[in-house]
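Colleague: Here you go, one structure.
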Amino acid sequence: MYKIDLENISFGYEEENLIIPVIKDVHLSIKEGEFVSIIGPSGCGKSTLLSLLAGLNFPSYGKILLDNKEVTGTGNERGVVFQHYSLFPWMSARKNIIFGLQQLDKNRNQKDIEKIADEYLDLVGLKEVSHKYPSQLSGGMQQRVAIARAFAMDSDILLMDEPFSAVDAKNRMALQELLLDLWNNGKKKKTVVFVTHDVDEAVLLSDRIIVMSANSKSIKEEINVDFSRPRNRSILSKNNTYTELRHMLVQLLFDDLINGTESEVWEAS
Amino acid sequence: MRRVLNITNILFVAIIGLELLLPAKRSSEIIYTQELIGIIIGIELLYSLNMIYKKDEKKRQSLGDITALVYGCILIWELLTTKLDILHNLLFPMPGEVVAVFLSEIPTLLDGLSSSLYLLTIGYTLALVTAIPLALIIGWRKRLFLAVNPLTKVLGPIPPIVYIPYAIAILPTFKSASIFIIFIGAFWPIFINTLNGTFNIDKRIIDSAKVLNVKEHTMLFKIILPGVLPSIISGTTVGLVLSFILLTSAEMIGASSGLGWYVKYFSDFADYPRVVVGIIFIGMVVTGITYCFDKIESQLLKWKN
């Protein structure tokens with residue numbers, strides 16, 4: 001049994017009686033504890049796919065199953081980290097985590113909640129700035145808080161939509177390491193779906209990479225990444241298999257760009 | 001030396017010199033030299049104290065410029081009235097006289113202030129507690145928004161001042177009519193700003209809240225309310241100024257107390273020193289209220305950069 005099952009998913013949005021397709025015929029099954037990255041050029045529907053998984057949008061056709069139950073909306077078993085505005089700007093870093101925890105269980109003891117929040121702030125190295133507002137933190141720090149909240153809320157599934165894209169290269173590496181640490185060291189490994197357009201990031205983090213195409217709006221290729229964990233990026237970069245894999249992924253993305261086709265529309269039913 | 005010999009201090013010395021050296025031309029029993037010198041020394045003291053404590057060079061400079069402007073106005077006013085007697089002696093009281101009347105009128109002015117603030121507080125609070133929740137709920141429900149928004153476009157821009165005679169006619173007391181007018185004046189700006197702020201709130205913030213599984217009331221009051229607070233506050237500021245204008249207008253029409261009434265009452269008696277005093281006092285009150293409002297605003301929005 002799979003943790004996540006996407007059965008024949010299509011999604012489009014309606015515009016003047018026509019449906020503009022965003023995703024077409026996506027089949028995908030993800031095992032419990034698996035780290036899956038979805039990569040593809042912009043317009044391939046990778047972020048939309050994640051919003052369907054999060055329960056923010058609903059597929060036009062097909063269904064999404066979590067533990068064999070159909071998704072009907074957002075849920076506590078899924079934590080989400082976005083590229084921007086995962087945090088509420090009017091709450092301090094600590095309050096953001098506390099607020100998330102409070103939504104899980106309103107009757108939970110406030111002291112326990114604060115303890116967990118402080119623990120995770122410490123874990124991501126932000127104890128000193130926990131009272132600051134997001135606007136007073138760097139982009140990297142904001143994403144640390146968002147990750148801390150997601151792990152503090154301890155959902156089975158973690159959905160991440162280009163979480164490190166707006167962060168500079170140095171901080172991005174640090175965030176990738178942090179994410180892998182938290183993921184590896186949890187009591188139970190979370191199932192992660194990670195959307196990115198960064199090939200290196202996908203290879204470093206994932207068990208499996210799903211390549212989506214902006215032309216077909218569907219999955220173009222699935223690639224298993226078999227490097228043992230924990231992975232070291234400098235050792236990986238000297239590995240021939242890594243170089244080949246990386247080259248193949250870049251080629252797949254590039255092919256998609258030059259073989260562009262006219263976009264089509266469906267008649268609204 | 002440059003610290004002392006600036007335009008502000010030169011104007012200060014000029015006014016004092018003018019007072020002591022140039023004889024008054026206006027024929028009046030009293031020419032209020034002491035009062036004028038008193039207020040000038042008061043301003044100068046306030047200014048000097050600020051200069052001692054303020055360190056920021058830009059702030060010091062603009063403080064000096066503001067004080068210089070005030071001195072300039074008083075100097076011209078004094079010249080045109082007391083000293084050269086160019087302006088009409090009934091319509092344009094002397095600055096010293098205004099100071100003297102102001103001091104003697106403080107108890108009456110404070111009574112007027114409390115009467116005005118009482119009406120303002122009730123009307124404005126009513127507008128706050130109705131407009132904000134209503135706009136949040138309507139702005140959050142797209143269908144309601146699409147129905148209500150065109151109506152607000154028609155009703156909102158009607159100048160509330162046109163309601164004054166009708167409100168006075170249909171409501172039993174002048175007080176209730178004033179409260180109603182203030183309410184209307186404050187309601188629309190607050191309502192429209194909150195409504196549009198809610199409808200146009202950044203979808204990414206809403207998504208972030210949705211994925212945390214927030215309940216409906218948490219969404220409205222813990223996410224949308226703070227999220228649209230910047231829009232709400234710009235509405236409340238406009239609403240406050242507008243309701244103060246309406247209040248004083250209403251008081252000039254039908255009241256027997258309050259700041260608007262004070263100005264109107266003494267203009268009927270052609271007691272222009274008191275009229276000028278009333279106008280200056282209203283200016284001070286509005287400045288005070290706006291100042292408090294700015295403080296509250298920066299406190300509430302300190303999370304914004």
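Just remember, in the structure tokens the first chain shown is A, the second B, etc., residues are 1-based per chain, and ligands are 1-based in the order shown.
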Can you list every residue of chain A that has an atom at most 8 Å from chain B, with its nearest atom pair and the distance in Å to one decimal, using only C-alpha atoms, ordered by chain then number, as a Markdown table?
Modeller:
| residue | atom | partner | partner_atom | distance |
| --- | --- | --- | --- | --- |
| A:Ala54 | CA | B:Val211 | CA | 6.8 |
| A:Gly55 | CA | B:Val211 | CA | 7.8 |
| A:Leu56 | CA | B:Asp207 | CA | 7.1 |
| A:Thr74 | CA | B:Val211 | CA | 5.5 |
| A:Gly75 | CA | B:Asn213 | CA | 6.2 |
| A:Asn76 | CA | B:Asn213 | CA | 6.8 |
| A:Arg78 | CA | B:Val211 | CA | 7.8 |
| A:Gly79 | CA | B:Val211 | CA | 7.0 |
| A:Val80 | CA | B:Val211 | CA | 6.5 |
| A:Phe82 | CA | B:Ser208 | CA | 7.8 |
| A:His84 | CA | B:Arg204 | CA | 7.5 |
| A:Tyr85 | CA | B:Ile205 | CA | 5.9 |
| A:Ser86 | CA | B:Ser208 | CA | 5.4 |
| A:Leu87 | CA | B:Ser208 | CA | 7.4 |
| A:Phe88 | CA | B:Ile205 | CA | 6.9 |
| A:Pro89 | CA | B:Trp303 | CA | 6.5 |
| A:Trp90 | CA | B:Trp303 | CA | 5.2 |
| A:Met91 | CA | B:Trp303 | CA | 7.6 |
| A:Gly100 | CA | B:Leu212 | CA | 6.3 |
| A:Gln103 | CA | B:Val214 | CA | 6.1 |
| A:Leu104 | CA | B:Asn213 | CA | 7.9 |
| A:Tyr133 | CA | B:Trp303 | CA | 5.8 |
| A:Pro134 | CA | B:Trp303 | CA | 7.9 |
| A:Ser135 | CA | B:Asn305 | CA | 6.3 |
| A:Gln136 | CA | B:Asn305 | CA | 7.7 |
Colleague: Can you tell me, as a PyMOL selection string, what residues are no more than 8 Å from A:Asp198 when counting only C-alpha atoms, ignoring any on the same chain fewer than 3 positions away?
Modeller: chain A and resi 39+201-202
Colleague: With N, CA and C atoms retained, export the selected residues as a PDB file, in the first residue's frame.
Modeller:
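Output contents, as saved in selection_39.pdb:
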ATOM      1  N   ILE A  39      10.472  17.919 -10.450  1.00  0.00           N
ATOM      2  CA  ILE A  39      11.133  19.034 -11.130  1.00  0.00           C
ATOM      3  C   ILE A  39      10.518  19.218 -12.506  1.00  0.00           C
ATOM      4  N   GLU A 201      19.666  20.213  -6.309  1.00  0.00           N
ATOM      5  CA  GLU A 201      18.882  20.099  -5.080  1.00  0.00           C
ATOM      6  C   GLU A 201      18.074  18.801  -5.098  1.00  0.00           C
ATOM      7  N   ALA A 202      17.452  18.536  -6.241  1.00  0.00           N
ATOM      8  CA  ALA A 202      16.627  17.337  -6.371  1.00  0.00           C
ATOM      9  C   ALA A 202      17.465  16.077  -6.160  1.00  0.00           C
TER      10      ALA A 202
END
Colleague: Write out as JSON, numbers by chain which residues come within 12 Å of A:Leu253 when counting only C-alpha atoms, dropping same-chain ones fewer than 2 positions away.
Modeller: {"A": [38, 39, 40, 41, 42, 44, 197, 198, 199, 210, 211, 212, 213, 214, 215, 219, 220, 221, 246, 247, 248, 249, 250, 251, 255, 256, 257, 258, 259, 260]}
Colleague: Which of these residues is nearest to A:Phe35, using only C-alpha atoms: A:Leu18, A:Leu50, A:Val192, A:Leu204?
Modeller: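 Closest residue, counting only C-alpha atoms: A:Val192.
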Colleague: Would you mind reading off the distance between atom CA of A:Lys95 and atom CA of A:Leu175, one decimal, in Å?
Modeller: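 Separation between atom CA of A:Lys95 and atom CA of A:Leu175: 21.2 Å.
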Colleague: Give me every helix (DSSP H, G or I) residue in stretch 6-155 of chain A, going by DSSP on the backbone, as number ranges by chain.
Modeller: A: 46-54, 93-104, 110-123, 127-129, 134-136, 139-153
Colleague: For stretch 9-17 of chain B, work out the shell of residues within 12 Å, counting only C-alpha atoms and skipping chain neighbours fewer than 3 positions away, then give it as a ChimeraX atom specification.
Modeller: /B:1-6,20-23,33-45,47-48,64-65,67-79,83,95
Colleague: Could you jot down the atom CA of A:Leu252 to atom CA of A:Ser218 separation for me, Å, one decimal place?
Modeller: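 Straight-line distance from atom CA of A:Leu252 to atom CA of A:Ser218 works out to 13.3 Å.
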